[in-house]
Structure formats: structure tokens, C-alpha cells
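To be precise, the following lines are start_12.cif, and they hold mmCIF, C-alpha atoms.
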data_final
#
loop_
_atom_site.label_atom_id
_atom_site.label_comp_id
_atom_site.auth_asym_id
_atom_site.auth_seq_id
_atom_site.Cartn_x
_atom_site.Cartn_y
_atom_site.Cartn_z
CA MET W 3 -10.31 -0.33 -29.12
CA ASP W 4 -9.98 -3.31 -31.45
CA GLN W 5 -6.55 -4.79 -31.99
CA SER W 6 -5.37 -7.38 -34.44
CA LEU W 7 -5.29 -11.00 -33.29
CA ARG W 8 -3.54 -12.19 -36.44
CA LEU W 9 -0.51 -14.34 -35.79
CA ASP W 10 1.56 -12.29 -38.24
CA GLY W 11 0.94 -9.16 -36.18
CA ALA W 12 -0.71 -7.31 -39.06
CA PRO W 13 -3.32 -4.63 -38.24
CA PRO W 14 -7.07 -5.32 -38.54
CA ALA W 15 -8.38 -5.72 -42.07
CA SER W 16 -9.70 -2.14 -42.08
CA GLY W 17 -6.17 -0.88 -41.58
CA ARG W 18 -6.95 1.00 -38.36
CA PRO W 19 -8.59 0.21 -35.02
CA SER W 20 -12.27 0.94 -34.58
CA ALA W 21 -13.94 2.36 -31.48
CA ALA W 22 -16.32 0.19 -29.49
CA PRO W 23 -19.92 0.80 -30.63
CA ASP W 24 -22.12 2.88 -28.34
CA PHE W 25 -25.34 3.48 -30.30
CA LEU W 26 -27.61 1.24 -28.15
CA ASP W 27 -29.26 2.15 -24.83
CA LEU W 28 -28.00 -0.51 -22.43
CA PRO W 29 -27.86 -0.97 -18.66
CA GLU W 30 -25.29 1.26 -16.99
CA ARG W 31 -22.08 -0.71 -16.48
CA THR W 32 -19.38 0.11 -13.95
CA ALA W 33 -15.91 0.85 -15.33
CA LYS W 34 -12.55 -0.64 -14.38
CA PRO W 35 -11.07 -0.55 -11.83
CA ARG W 36 -14.37 -1.43 -10.18
CA ARG W 37 -15.67 -2.72 -6.89
CA THR W 38 -19.04 -3.85 -8.26
CA GLY W 39 -19.84 -5.54 -11.53
CA VAL W 40 -16.71 -7.65 -11.10
CA THR W 41 -16.11 -10.65 -13.35
CA HIS W 42 -13.83 -13.14 -11.61
CA VAL W 43 -12.42 -15.74 -14.02
CA LEU W 44 -11.19 -19.22 -13.13
CA ASP W 45 -8.00 -20.26 -14.95
CA ARG W 46 -7.82 -24.07 -14.83
CA GLY W 47 -4.39 -24.20 -16.47
CA LEU W 48 -4.62 -21.99 -19.56
CA PRO W 49 -1.51 -21.91 -21.76
CA VAL W 50 0.13 -18.49 -21.64
CA ARG W 51 -0.69 -17.79 -25.29
CA SER W 52 -4.35 -18.64 -24.67
CA LEU W 53 -4.44 -16.17 -21.79
CA GLU W 54 -2.78 -13.54 -23.96
CA SER W 55 -5.45 -14.05 -26.62
CA LEU W 56 -8.24 -13.98 -24.02
CA LEU W 57 -7.00 -10.68 -22.59
CA ALA W 58 -6.69 -9.15 -26.05
CA THR W 59 -10.27 -10.15 -26.84
CA ALA W 60 -12.01 -9.69 -23.49
CA GLY W 61 -9.56 -8.12 -21.02
CA ALA W 62 -11.82 -5.08 -20.62
CA HIS W 63 -14.47 -7.37 -19.09
CA ILE W 64 -12.18 -9.28 -16.68
CA ASP W 65 -11.41 -7.91 -13.23
CA LEU W 66 -9.88 -10.86 -11.41
CA LEU W 67 -8.14 -13.99 -12.66
CA LYS W 68 -7.70 -16.89 -10.26
CA LEU W 69 -5.13 -19.57 -11.04
CA GLY W 70 -7.33 -22.31 -9.63
CA TRP W 71 -6.47 -24.77 -6.86
CA GLY W 72 -2.78 -25.70 -7.13
CA THR W 73 -2.42 -25.17 -10.89
CA ALA W 74 0.18 -22.43 -10.39
CA TYR W 75 2.33 -24.88 -8.40
CA VAL W 76 2.61 -27.41 -11.23
CA SER W 77 2.56 -25.28 -14.42
CA ALA W 78 5.09 -23.14 -16.23
CA GLY W 79 4.57 -19.54 -17.28
CA VAL W 80 3.06 -18.15 -14.08
CA ARG W 81 5.32 -15.08 -14.15
CA ASP W 82 4.25 -14.45 -17.75
CA LYS W 83 0.61 -14.66 -16.71
CA VAL W 84 1.20 -12.17 -13.91
CA ALA W 85 2.86 -9.75 -16.35
CA LEU W 86 0.07 -10.13 -18.93
CA CYS W 87 -2.60 -9.47 -16.31
CA ARG W 88 -0.76 -6.44 -14.97
CA ASP W 89 -0.51 -4.95 -18.47
CA ALA W 90 -4.23 -5.61 -19.05
CA GLY W 91 -5.36 -4.11 -15.73
CA VAL W 92 -6.51 -7.49 -14.42
CA ARG W 93 -5.93 -8.53 -10.81
CA ILE W 94 -4.53 -12.03 -10.31
CA SER W 95 -4.49 -14.45 -7.38
CA LEU W 96 -3.80 -18.11 -6.69
CA GLY W 97 -6.45 -20.58 -5.57
CA GLY W 98 -7.36 -20.73 -1.90
CA THR W 99 -6.77 -24.48 -1.64
CA LEU W 100 -3.05 -23.88 -2.10
CA LEU W 101 -3.00 -21.48 0.84
CA GLU W 102 -4.98 -23.95 2.96
CA ILE W 103 -2.35 -26.63 2.33
CA ALA W 104 0.46 -24.18 3.13
CA VAL W 105 -1.21 -23.25 6.43
CA ALA W 106 -1.84 -26.91 7.34
CA GLN W 107 1.83 -27.78 6.67
CA GLY W 108 3.20 -24.74 8.51
CA ARG W 109 4.54 -23.23 5.25
CA LEU W 110 2.52 -20.01 5.10
CA GLU W 111 5.58 -17.76 5.24
CA ARG W 112 7.21 -19.63 2.34
CA TYR W 113 3.96 -19.36 0.39
CA LEU W 114 3.93 -15.59 0.93
CA GLU W 115 7.57 -15.36 -0.19
CA TRP W 116 6.56 -17.14 -3.39
CA LEU W 117 3.75 -14.65 -3.99
CA ARG W 118 6.22 -11.80 -3.58
CA GLU W 119 8.63 -13.46 -6.01
CA LEU W 120 5.82 -13.78 -8.55
CA GLY W 121 4.68 -10.18 -8.05
CA ILE W 122 1.17 -11.20 -6.90
CA ASP W 123 -0.51 -8.81 -4.47
CA HIS W 124 -3.97 -10.41 -4.23
CA VAL W 125 -4.43 -13.53 -2.13
CA GLU W 126 -7.41 -15.81 -1.59
CA VAL W 127 -7.94 -17.12 1.94
CA SER W 128 -10.39 -20.01 2.28
CA ASN W 129 -11.24 -22.91 4.55
CA GLY W 130 -13.40 -24.99 2.25
CA SER W 131 -11.06 -27.91 1.56
CA LEU W 132 -9.13 -28.50 4.80
CA ALA W 133 -10.33 -27.95 8.34
CA MET W 134 -9.55 -24.41 9.51
CA ALA W 135 -11.67 -22.73 12.17
CA PRO W 136 -13.10 -19.35 11.18
CA GLU W 137 -11.09 -17.77 14.01
CA ARG W 138 -7.82 -19.15 12.58
CA LYS W 139 -8.84 -18.11 9.09
CA GLN W 140 -9.44 -14.57 10.31
CA GLU W 141 -6.03 -14.53 12.03
CA VAL W 142 -4.49 -15.34 8.63
CA ILE W 143 -6.57 -12.61 6.97
CA ARG W 144 -5.40 -10.03 9.53
CA GLN W 145 -1.78 -11.04 8.94
CA LEU W 146 -2.04 -10.89 5.16
CA ALA W 147 -4.17 -7.75 4.93
CA ASN W 148 -1.18 -5.68 6.04
CA GLU W 149 0.53 -6.45 2.73
CA PHE W 150 -1.94 -8.07 0.30
CA ILE W 151 -5.46 -7.45 -0.95
CA VAL W 152 -7.35 -10.35 0.61
CA ILE W 153 -10.23 -12.17 -1.05
CA ALA W 154 -11.87 -14.41 1.56
CA GLU W 155 -13.92 -17.39 0.43
CA VAL W 156 -16.74 -18.74 2.58
CA GLY W 157 -18.27 -22.19 2.25
CA SER W 158 -17.20 -25.81 2.23
CA LYS W 159 -16.51 -27.72 -0.97
CA GLY W 160 -17.88 -30.89 0.60
CA THR W 161 -20.96 -29.99 2.64
CA GLN W 162 -24.03 -27.80 2.26
CA PRO W 163 -24.20 -24.58 4.30
CA VAL W 164 -25.73 -24.24 7.75
CA PRO W 165 -28.26 -21.36 7.87
CA GLY W 166 -26.84 -18.24 9.47
CA HIS W 167 -23.20 -19.33 9.41
CA TRP W 168 -22.13 -17.79 6.10
CA GLY W 169 -23.25 -14.26 6.93
CA ALA W 170 -21.49 -14.32 10.29
CA GLU W 171 -18.26 -15.68 8.80
CA MET W 172 -18.31 -13.12 5.98
CA LEU W 173 -18.73 -10.28 8.46
CA GLY W 174 -15.83 -11.66 10.52
CA ASP W 175 -13.62 -11.96 7.43
CA MET W 176 -14.38 -8.38 6.42
CA ALA W 177 -13.68 -7.12 9.93
CA ALA W 178 -10.33 -8.92 9.74
CA GLY W 179 -9.43 -7.04 6.55
CA ALA W 180 -10.87 -8.89 3.55
CA ALA W 181 -11.67 -6.63 0.58
CA TRP W 182 -14.17 -9.09 -0.95
CA VAL W 183 -15.86 -12.24 0.26
CA VAL W 184 -16.52 -15.08 -2.18
CA ALA W 185 -19.62 -17.24 -1.82
CA GLU W 186 -18.69 -20.84 -2.62
CA GLY W 187 -20.26 -22.54 -5.60
CA ARG W 188 -17.35 -24.68 -6.83
CA GLU W 189 -16.39 -25.08 -10.47
CA SER W 190 -19.34 -27.44 -10.87
CA GLY W 191 -21.98 -25.09 -9.44
CA THR W 192 -23.50 -27.90 -7.35
CA ILE W 193 -22.58 -26.98 -3.76
CA GLY W 194 -22.78 -24.00 -1.42
CA LEU W 195 -24.90 -21.38 -3.20
CA PHE W 196 -26.50 -24.10 -5.29
CA GLU W 197 -28.40 -27.33 -4.88
CA ALA W 198 -27.07 -30.58 -6.35
CA ASP W 199 -29.10 -29.95 -9.52
CA GLY W 200 -27.54 -26.49 -9.96
CA SER W 201 -30.59 -24.52 -8.85
CA VAL W 202 -29.93 -21.43 -6.73
CA HIS W 203 -30.17 -21.69 -2.94
CA ARG W 204 -32.31 -18.55 -2.81
CA GLU W 205 -32.61 -18.32 0.96
CA LEU W 206 -28.82 -18.42 1.33
CA VAL W 207 -28.33 -15.67 -1.24
CA GLU W 208 -30.90 -13.48 0.50
CA GLU W 209 -29.33 -14.20 3.90
CA ILE W 210 -25.81 -13.18 2.95
CA VAL W 211 -26.97 -10.13 0.99
CA ARG W 212 -28.88 -8.94 4.07
CA ALA W 213 -25.84 -9.55 6.27
CA VAL W 214 -23.06 -8.17 4.10
CA GLY W 215 -24.43 -6.32 1.07
CA ALA W 216 -24.21 -7.59 -2.50
CA GLU W 217 -21.48 -5.11 -3.49
CA THR W 218 -18.91 -6.90 -1.31
CA ILE W 219 -19.79 -10.48 -2.31
CA ILE W 220 -18.44 -12.33 -5.35
CA PHE W 221 -21.01 -15.01 -6.14
CA GLU W 222 -19.46 -18.05 -7.79
CA ALA W 223 -21.79 -18.87 -10.69
CA PRO W 224 -20.17 -21.18 -13.25
CA GLN W 225 -23.42 -22.19 -14.97
CA ARG W 226 -25.24 -19.74 -17.27
CA PRO W 227 -28.67 -20.18 -15.59
CA GLN W 228 -27.05 -19.35 -12.24
CA ALA W 229 -25.52 -16.14 -13.61
CA VAL W 230 -28.85 -15.22 -15.21
CA TRP W 231 -30.71 -15.71 -11.91
CA LEU W 232 -28.23 -13.51 -10.02
CA LEU W 233 -28.31 -10.81 -12.70
CA ARG W 234 -32.10 -10.73 -12.68
CA HIS W 235 -32.32 -10.58 -8.89
CA LEU W 236 -29.28 -8.44 -8.01
CA GLY W 237 -28.75 -6.41 -11.17
CA THR W 238 -26.30 -5.84 -14.00
CA ASN W 239 -23.41 -5.05 -11.68
CA VAL W 240 -23.55 -8.06 -9.38
CA ASN W 241 -20.09 -9.58 -8.80
CA LEU W 242 -19.78 -13.02 -10.43
CA GLY W 243 -17.02 -15.58 -10.01
CA ASN W 244 -15.73 -18.93 -11.25
CA ILE W 245 -16.46 -17.79 -14.79
CA ALA W 246 -14.82 -19.97 -17.43
CA PRO W 247 -12.49 -18.11 -19.82
CA GLU W 248 -14.62 -19.11 -22.80
CA ASP W 249 -17.71 -17.63 -21.12
CA VAL W 250 -16.42 -14.11 -20.42
CA VAL W 251 -17.81 -12.44 -23.55
CA ALA W 252 -21.12 -14.33 -23.29
CA LEU W 253 -21.46 -13.17 -19.66
CA GLU W 254 -20.86 -9.56 -20.67
CA THR W 255 -23.71 -9.80 -23.18
CA LEU W 256 -25.93 -11.09 -20.37
CA ARG W 257 -24.91 -8.14 -18.18
CA ARG W 258 -25.75 -5.70 -20.99
CA GLY W 259 -29.15 -7.19 -21.84
CA LEU W 260 -27.85 -8.33 -25.21
CA ARG W 261 -29.23 -11.85 -24.92
CA TYR W 262 -32.80 -13.09 -24.61
CA ASP W 263 -32.19 -14.38 -21.07
CA THR W 264 -31.62 -10.86 -19.69
CA LEU W 265 -33.53 -8.54 -22.02
CA GLU W 266 -35.40 -7.38 -18.91
CA LEU W 267 -32.19 -5.59 -17.82
CA LEU W 268 -32.53 -3.14 -20.71
CA PRO W 269 -33.81 0.31 -19.69
CA GLU W 270 -37.58 0.14 -19.31
CA ALA W 271 -38.16 2.95 -21.82
CA VAL W 272 -36.17 1.01 -24.42
CA ARG W 273 -38.13 -2.20 -23.87
CA ALA W 274 -41.41 -0.32 -24.14
CA ARG W 275 -40.77 1.03 -27.62
#
Step by step, read the file and then write its structure as C-alpha cells.
Amino acid sequence: MDQSLRLDGAPPASGRPSAAPDFLDLPERTAKPRRTGVTHVLDRGLPVRSLESLLATAGAHIDLLKLGWGTAYVSAGVRDKVALCRDAGVRISLGGTLLEIAVAQGRLERYLEWLRELGIDHVEVSNGSLAMAPERKQEVIRQLANEFIVIAEVGSKGTQPVPGHWGAEMLGDMAAGAAWVVAEGRESGTIGLFEADGSVHRELVEEIVRAVGAETIIFEAPQRPQAVWLLRHLGTNVNLGNIAPEDVVALETLRRGLRYDTLELLPEAVRAR
């Protein structure tokens, strides 16, 4: 349903909300709360009012919001963001780098206390910034999975992947209790899943899909061509991450075949008319 975004709080110009249109034949889209077709958004320090506006406009298309890196540690309004996301049916977590630092400094328990204080029940566990052996990472996942929904990220932010390693680590993370595994692409989209020029590391994608299954992987894809490639190869309801807030609506049009780049996702009978 539409709602007014006017600062004076007045209703939409028509005087009453309008239902979302449904007269086109589009690809079948999963509904929230969903396991597949997830859109995972990267918050790089949004003001609270900007997040409120984003959720009013596009909250139906957002499944997970990550307060990137250590932004939650140095910004005000985190509790307000948690409350807004809860009201909008959006899961929220902090960036994995923050947990890596807490583990390295022996402050994991204090970090978890902070999450409880904030009311956050999703946690990202990664080892892409600081050295942490996969075995130690999986120990942390097992500990946290008793209380939190764990999102485990695989891949280094500084080096390209070694063939075969990502699939094995993802399987280990899932066995330890992770609900999703994130395939590293960074905010830039130039590492991990992608080459330095942003092109998709196709063999790596195929390897981890064979090992784990696409429905459990969140593919970080910050650049539009990367999202388009994954949608074309893995379908409308592929899980996509590191999406910029300003790109959420545009991504949803790509998922629905409402943009030239992904018209091929429209039902075949529709395209043939």
C-alpha cells in the first residue's frame, strides 16, 4: 500500500492509499519473510530519517540491512534503526569486521552484550579482514547460533579466492549453524566473486553453487552488471547483497523483468506476444 511521504504527514494527493498494481505478467517473486530472493542492503551510515524514508518507499523489497563495518560503533541512532527495521519486517545486523576486531581483542562477550542491548538478533561472522582460521570461525558460529541467527561471510577482502576453498568453508559454516553464507564481493565489487575490472568470476560462482546450493548463498553484487549477470544465470529469486540503499527499487525492477537488462526473465509466453 502507498503511504504519504510528505513532511507534513498529509495523506497522498488522491486522499486514500492505492493498492500496488498487478495487471502485468511478471516473474514469480517470493514473499517476505523469505529464504530466497533476498535483498541484503548495505547501510554505510545512513541518517535515521533517510532510513525511515527508504523503508517507507522500498521496505517491502528489503530483507536484510547491514550496518556496514564499524559504522554502528561510531554513529548515533542505532537503536532507532533497529526499531524502524523491526516495524518494517526487515532483519538487521552489524558488519562482520566489527565482530572480527572483537574476537581478535578478546571482547566477543562484550560485543554480544551490546547486540542484546540493541535488540539485534542477527549477527554476521566473517574472517575477511583479520586472520581467523576457518576452524576458529566455525567455533564462533557454533557459539552464536544458540542465540542468534548467524550470517557467515566467506572470502578475503584483500586476496583473490583459492579454487575449492570457498565451497568447503561454506559447508563448514553451515554445519556449524549458519543460516546463510555470504560470498564476498566487497562494496567495490572488485574482489572475491569478481575480477579487478568488476567482471564475474564465473567458475567460482559455479563452484559454490554446486557445493552449497544457490538458495543458501547471498551473493554480494554492488554493481548493476553483476546483479544482472546473477539474475540471468540464477534466476529472479537469487539472493543479492551489498546493495546500496539508492539501488533497492532499481534492483527490484531488474528482478521483475521491468528493465531492458532483464526482459528475458519475463514469462516466455509474455515475451512471445
Determine the residue set returned by the PyMOL selection byres ((chain W and resi 74-90) around 7) for the present structure, and present it as a list in words. Val50, Glu54, Leu57, Gly61, Leu69, Gly72, Thr73, Gly91, Val92, Arg93, Ile94, Leu96 and Leu120 of chain W
Selection file, C-alpha atoms, as a tab-separated table (two decimals), in the frame of the given file:
chain	number	residue	atom	x	y	z
W	50	VAL	CA	0.13	-18.49	-21.64
W	54	GLU	CA	-2.78	-13.54	-23.96
W	57	LEU	CA	-7.00	-10.68	-22.59
W	61	GLY	CA	-9.56	-8.12	-21.02
W	69	LEU	CA	-5.13	-19.57	-11.04
W	72	GLY	CA	-2.78	-25.70	-7.13
W	73	THR	CA	-2.42	-25.17	-10.89
W	91	GLY	CA	-5.36	-4.11	-15.73
W	92	VAL	CA	-6.51	-7.49	-14.42
W	93	ARG	CA	-5.93	-8.53	-10.81
W	94	ILE	CA	-4.53	-12.03	-10.31
W	96	LEU	CA	-3.80	-18.11	-6.69
W	120	LEU	CA	5.82	-13.78	-8.55
Excluding Arg212 in chain W and residues on its chain fewer than 4 positions from it, collect all residues at most 12 Å away from it, counting all atoms listed in the file, and give them as a list of chain:residue names.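 Skipping anything fewer than 4 positions along the chain leaves W:Gly166, W:Trp168, W:Gly169, W:Ala170, W:Met172, W:Leu173, W:Glu205, W:Leu206, W:Val207, W:Glu208, W:Ala216, W:Glu217, W:Thr218, W:Ile219.
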Quick one: residues within 12 Å of Glu189 in chain W, all atoms listed in the file counted, chain neighbours fewer than 6 positions away excluded, as a PyMOL selection string? chain W and resi 43-46+68+70-71+97+159+195-196+200+221-225+243-246
Counting only C-alpha atoms, figure out which residue out of W:Thr99, W:Asn241, W:Asn129, W:Gln140 gets nearest to Met176 in chain W.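 Among the listed residues, the smallest separation from Met176 in chain W belongs to W:Gln140.
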Show me, as JSON, numbers by chain, the residues that have an atom within 10 Å of range 253-270 of chain W when counting only C-alpha atoms, minus same-chain residues fewer than 3 positions from it. {"W": [26, 27, 28, 29, 30, 31, 39, 41, 60, 63, 64, 226, 227, 229, 230, 231, 233, 234, 237, 238, 239, 240, 242, 245, 246, 248, 249, 250, 273, 274, 275]}
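You will find CA of Ala154 in chain W at 7.8 Å from CA of Ala181 in chain W.
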Neighbours of range 145-149 of chain W within 9 Å (only C-alpha atoms; same-chain residues fewer than 6 positions away dropped), as a ChimeraX atom specification? /W:114,123,125,178-181
What does the structure give for the distance between CA of Val127 in chain W and CA of Gly98 in chain W, in Å to one decimal?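 A separation of 5.3 Å between them.
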